[in-house]
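Report on the following structure.
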Amino acid sequence: MPIDNSIVHQIHKKPDGQPASLTLRDAELASSEALEQLLAGLIEAYNSKPNKAWGYFHEESGAYPFSGWLQQLVDQELDFVRFSSQATEHLKTLMEGSNLALGGHVLFIRYRQGMTAFLVIALLHHTEGVTVTDELDVAAARHLDLSSLNMAARINLTEWKQNASAKNYISFIRGRSGKRVSDYFRDFIGCVEGSNPEEDTNTLLQAFSDYVGEASLEPELVKDKAKAMSSYVNSQSRAGEQVALEELSGVIDEEHPRAFYDYIRNKDYGLNPEMPADKRAINNFMRYYGKADGLSISFESHLLGERVEYDESEDALVIRHPPKGLVQQLRNKRR
């Protein structure tokens with residue numbers, strides 16, 4: 001992933017309502033292996049976050065100036081240092097309106113992945129650890145904690161500039177503490193939330209169920225198609241990419257690659273040609289899971305009606321051919 005520009009600034013703020021302050025860097029970061037490793041780690045951490053929202057820019061205004069500065073950057077009317085400094089000052093102002101906001105290092109990286117240009121912005125914090133030095137001493141080591149990343153956004157610059165009707169070229173992390181905490185970061189970017197990944201994924205899964213149901217396919221073939229869909233969606237999610245319905249259609253049925261895509265269009269499920277997917281919804285579709293009162297049960301959905309049956313009148317679950325390890329434990333217990 002070639003890096004075009006990168007810089008780090010710092011916002012000093014504690015969640016106590018006190019005014020924030022800034023430390024601004026006056027030059028871009030130099031290219032280095034460490035910077036490339038940071039970007040790779042950041043993207044991996046970002047892609048793994050399930051609680052992302054997607055959307056597009058508000059119309060530029062005094063309340064939402066970010067897109068205007070970004071347009072000036074793309075048009076080369078504003079250099080990267082000035083762009084990032086103005087953006088960080090704006091973020092600081094919004095942070096001061098949130099008692100829960102915590103300062104940190106604000107990282108801006110503009111990079112390319114294939115033919116697509118991205119801008120990623122992340123609020124980073126440090127964590128304390130230990131290391132063994134060259135002298136074989138144990139010493140404290142302070143490093144960036146990407147595992148706890150909860151304030152970050154990524155903008156697909158190519159999609160933004162080339163597709164005026166696009167609604168999903170911005171994604172951002174909602175934050176582990178809930179939507180309210182991340183509102184100021186969403187407003188900093190100036191993002192209008194568009195697609196709801198969970199709702200869209202559930203609609204996609206309903207469309208798939210309708211499709212295979214109307215086709216009267218054999219259970220084994222339905223299972224194969226569901227696995228192919230799940231594998232594709234999860235791989236797109238890991239890569240931080242959206243699900244392309246036409247591409248998914250080809251994955252589900254290689255002999256008739258447009259069949260599922262045309263079915264969705266003709267039935268008007270209201271899905272965009274490209275949509276963010278919710279991994280949890282996909283995984284829940286592929287498995288049944290329940291836990292209560294010391295009992296935990298999980299099984300793949302295709303087993304329902306085969307090795308697993310639910311008797312509604314008796315409120316009982318019947319499992320045939322249970323795992324051999326479980327059977328052996330039960331037999332040992334009876335001895």
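Labeling convention for the structure tokens: chains A, B, ... as they appear, residues from 1 per chain, ligands from 1 in order of appearance.
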
Which neighbours of Glu199 (chain A) fall inside 12 Å, counting only C-alpha atoms, when residues of the same chain fewer than 2 positions from it are skipped, and could you give them as a list in words?
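Near Glu199 (chain A), the qualifying residues are Ala53, Gly194, Ser195, Asn196, Pro197, Thr201, Asn202, Thr203, Leu204, Leu205, Gln206, Tyr269, Gly270, Leu271, Met275, Pro276, Ala277, Asp278, Lys279, Arg280, Ala281 and Ile282 of chain A.
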
Proximity check region 22-102 of chain A to region 157-160 of chain A, 12 Å, nearest pairs one decimal Å, only C-alpha atoms, as a tab-separated table:
```
residue	atom	partner	partner_atom	distance
A:Gly55	CA	A:Trp160	CA	10.9
A:Tyr56	CA	A:Trp160	CA	8.3
A:Phe57	CA	A:Trp160	CA	9.0
A:Ser67	CA	A:Trp160	CA	10.4
A:Leu70	CA	A:Leu157	CA	9.4
A:Gln71	CA	A:Leu157	CA	9.8
A:Leu73	CA	A:Leu157	CA	11.1
A:Val74	CA	A:Leu157	CA	8.8
```

As a ChimeraX atom specification, list the residues of region 2-238 of chain A assigned to strand (DSSP E or B) by DSSP on the backbone atoms of this structure.
/A:3-12,21-23,52-57,104-113,116-124,126-132,138-144,152-156,170-173,191-193

8 Å contact set for Phe188 (chain A), only C-alpha atoms, chain neighbours under 6 positions out, as a PDB file with C-alpha atoms, in the first residue's frame:
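This went into around_8.pdb:
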```pdb
ATOM      1  CA  TYR A  64     -19.221  20.557   8.452  1.00  0.00           C
ATOM      2  CA  PHE A  66     -14.034  18.916   6.546  1.00  0.00           C
ATOM      3  CA  HIS A  90     -11.701  21.345  14.245  1.00  0.00           C
ATOM      4  CA  LEU A  91     -11.615  17.941  15.958  1.00  0.00           C
ATOM      5  CA  LEU A  94     -15.711  19.212  18.830  1.00  0.00           C
TER       6      LEU A  94
END
```

Separation of CA of Glu246 (chain A) from CA of Pro273 (chain A) in Å:
7.1 Å

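Counting only C-alpha atoms, the residue from A:Val251, A:Asp311, A:Val318, A:Ser230 that sits nearest to Asn284 (chain A) is A:Ser230.
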
Can you tell me, as a PyMOL selection string, what residues are no more than 9 Å from region 137-149 of chain A when counting only C-alpha atoms, ignoring any on the same chain fewer than 5 positions away?
chain A and resi 41-42+45-46+49+122-132+173+175

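Residues in contact range of region 10-16 of chain A, defined as at most 6 Å between only C-alpha atoms, with sequence neighbours fewer than 4 positions away removed, read Ala20, Ser21, Leu22, Thr23, Asn99, Leu100, Ala101, Leu102, Gly103, Gly104, His105 and Val106 of chain A.
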
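Across A:Ser61, A:Asn47, A:Ser85, A:Thr93, the tightest approach to Ala27 (chain A) is made by A:Ser85 when counting only C-alpha atoms.
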
Per DSSP on the backbone, what are the helix (DSSP H, G or I) residues of region 32-213 of chain A, as a PyMOL selection string?
chain A and resi 33-48+66-74+80-95+146-148+157-162+179-189+197-213

Now that the selection is made, can you save its residues with C-alpha atoms as an mmCIF file, in the first residue's frame?
```cif
data_model
loop_
_atom_site.group_PDB
_atom_site.id
_atom_site.type_symbol
_atom_site.label_atom_id
_atom_site.label_comp_id
_atom_site.auth_asym_id
_atom_site.auth_seq_id
_atom_site.Cartn_x
_atom_site.Cartn_y
_atom_site.Cartn_z
ATOM 1 C CA GLU A 33 9.444 0.764 7.302
ATOM 2 C CA ALA A 34 7.946 1.647 10.691
ATOM 3 C CA LEU A 35 5.337 3.873 9.018
ATOM 4 C CA GLU A 36 4.424 1.100 6.574
ATOM 5 C CA GLN A 37 4.068 -1.339 9.464
ATOM 6 C CA LEU A 38 1.883 1.153 11.304
ATOM 7 C CA LEU A 39 -0.424 1.519 8.301
ATOM 8 C CA ALA A 40 -0.656 -2.247 7.823
ATOM 9 C CA GLY A 41 -1.446 -2.773 11.503
ATOM 10 C CA LEU A 42 -3.936 0.079 11.536
ATOM 11 C CA ILE A 43 -5.827 -1.226 8.483
ATOM 12 C CA GLU A 44 -5.911 -4.737 9.938
ATOM 13 C CA ALA A 45 -7.270 -3.424 13.237
ATOM 14 C CA TYR A 46 -9.781 -1.189 11.453
ATOM 15 C CA ASN A 47 -11.089 -3.950 9.182
ATOM 16 C CA SER A 48 -11.588 -6.262 12.163
ATOM 17 C CA PHE A 66 -14.034 18.916 6.546
ATOM 18 C CA SER A 67 -15.160 17.981 3.032
ATOM 19 C CA GLY A 68 -14.277 21.467 1.777
ATOM 20 C CA TRP A 69 -10.732 21.194 3.116
ATOM 21 C CA LEU A 70 -10.439 17.714 1.641
ATOM 22 C CA GLN A 71 -11.620 19.015 -1.739
ATOM 23 C CA GLN A 72 -8.933 21.696 -1.574
ATOM 24 C CA LEU A 73 -6.359 19.024 -0.763
ATOM 25 C CA VAL A 74 -7.406 16.874 -3.713
ATOM 26 C CA PHE A 80 -1.311 18.045 3.442
ATOM 27 C CA VAL A 81 0.217 19.678 6.524
ATOM 28 C CA ARG A 82 -2.204 22.592 6.452
ATOM 29 C CA PHE A 83 -5.158 20.341 5.682
ATOM 30 C CA SER A 84 -4.407 18.034 8.609
ATOM 31 C CA SER A 85 -3.729 20.946 10.975
ATOM 32 C CA GLN A 86 -7.065 22.618 10.199
ATOM 33 C CA ALA A 87 -8.852 19.290 10.564
ATOM 34 C CA THR A 88 -7.190 18.566 13.913
ATOM 35 C CA GLU A 89 -8.093 22.013 15.235
ATOM 36 C CA HIS A 90 -11.701 21.345 14.245
ATOM 37 C CA LEU A 91 -11.615 17.941 15.958
ATOM 38 C CA LYS A 92 -10.272 19.556 19.142
ATOM 39 C CA THR A 93 -13.161 22.016 19.148
ATOM 40 C CA LEU A 94 -15.711 19.212 18.830
ATOM 41 C CA MET A 95 -13.944 17.201 21.522
ATOM 42 C CA LEU A 146 -4.070 -0.577 17.909
ATOM 43 C CA SER A 147 -6.084 -3.347 19.542
ATOM 44 C CA SER A 148 -8.218 -0.752 21.349
ATOM 45 C CA LEU A 157 -11.317 9.187 -2.199
ATOM 46 C CA THR A 158 -11.656 7.539 -5.601
ATOM 47 C CA GLU A 159 -15.297 6.596 -5.044
ATOM 48 C CA TRP A 160 -16.060 10.047 -3.661
ATOM 49 C CA LYS A 161 -14.697 11.839 -6.712
ATOM 50 C CA GLN A 162 -15.852 9.432 -9.425
ATOM 51 C CA LYS A 179 -23.004 5.691 19.394
ATOM 52 C CA ARG A 180 -23.228 8.765 21.638
ATOM 53 C CA VAL A 181 -19.501 8.761 22.352
ATOM 54 C CA SER A 182 -18.559 8.631 18.666
ATOM 55 C CA ASP A 183 -21.047 11.301 17.529
ATOM 56 C CA TYR A 184 -18.444 14.048 17.725
ATOM 57 C CA PHE A 185 -16.065 12.022 15.504
ATOM 58 C CA ARG A 186 -18.811 11.422 12.934
ATOM 59 C CA ASP A 187 -19.600 15.167 12.978
ATOM 60 C CA PHE A 188 -15.879 15.944 12.632
ATOM 61 C CA ILE A 189 -15.815 14.040 9.335
ATOM 62 C CA PRO A 197 -24.901 -2.811 7.500
ATOM 63 C CA GLU A 198 -26.965 -5.018 9.810
ATOM 64 C CA GLU A 199 -30.282 -4.168 8.154
ATOM 65 C CA ASP A 200 -28.847 -4.489 4.637
ATOM 66 C CA THR A 201 -27.203 -7.814 5.459
ATOM 67 C CA ASN A 202 -30.440 -9.180 6.898
ATOM 68 C CA THR A 203 -32.240 -8.056 3.730
ATOM 69 C CA LEU A 204 -29.581 -9.792 1.634
ATOM 70 C CA LEU A 205 -29.996 -12.982 3.668
ATOM 71 C CA GLN A 206 -33.762 -12.815 3.248
ATOM 72 C CA ALA A 207 -33.274 -12.410 -0.508
ATOM 73 C CA PHE A 208 -30.986 -15.440 -0.531
ATOM 74 C CA SER A 209 -33.510 -17.529 1.411
ATOM 75 C CA ASP A 210 -36.294 -16.482 -0.974
ATOM 76 C CA TYR A 211 -34.097 -17.217 -3.977
ATOM 77 C CA VAL A 212 -33.104 -20.758 -2.987
ATOM 78 C CA GLY A 213 -36.630 -21.421 -1.721
#
```

For Glu220 (chain A), please output as a list in words all residues within 12 Å (counting only C-alpha atoms; exclusion window: fewer than 3 positions along the same chain).
Val212, Ser216, Leu217, Lys223, Asp224, Lys225, Ala226, Lys227, Ser301, His302, Leu303 and Glu306 of chain A

Those same residues, written as an mmCIF file, in the first residue's frame with C-alpha atoms?
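Result file is part05.cif:
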```cif
data_model
loop_
_atom_site.group_PDB
_atom_site.id
_atom_site.type_symbol
_atom_site.label_atom_id
_atom_site.label_comp_id
_atom_site.auth_asym_id
_atom_site.auth_seq_id
_atom_site.Cartn_x
_atom_site.Cartn_y
_atom_site.Cartn_z
ATOM 1 C CA VAL A 212 -33.104 -20.758 -2.987
ATOM 2 C CA SER A 216 -36.588 -25.661 -4.844
ATOM 3 C CA LEU A 217 -32.930 -26.654 -4.542
ATOM 4 C CA LYS A 223 -25.728 -25.555 2.007
ATOM 5 C CA ASP A 224 -22.954 -25.133 -0.599
ATOM 6 C CA LYS A 225 -24.370 -21.843 -1.843
ATOM 7 C CA ALA A 226 -24.763 -20.518 1.706
ATOM 8 C CA LYS A 227 -21.157 -21.416 2.510
ATOM 9 C CA SER A 301 -28.012 -24.030 10.331
ATOM 10 C CA HIS A 302 -28.069 -26.776 7.703
ATOM 11 C CA LEU A 303 -28.256 -29.406 10.486
ATOM 12 C CA GLU A 306 -31.384 -33.358 9.671
#
```

Can you tell me how far CA of Asp4 (chain A) sits from CA of Ile170 (chain A), in Å to one decimal?
19.1 Å

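Remark: for Asn5 (chain A), the closest of the candidate residues A:Lys52, A:Arg110, A:Arg25, A:Arg258 is A:Arg110 (distances computed over only C-alpha atoms).
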
Which is closer to Ile252 (chain A) than all the others in A:Gly62, A:Ala239, A:Met1, A:Ala228, using only C-alpha atoms?
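Of the candidates, the smallest distance to Ile252 (chain A) is held by A:Ala228.
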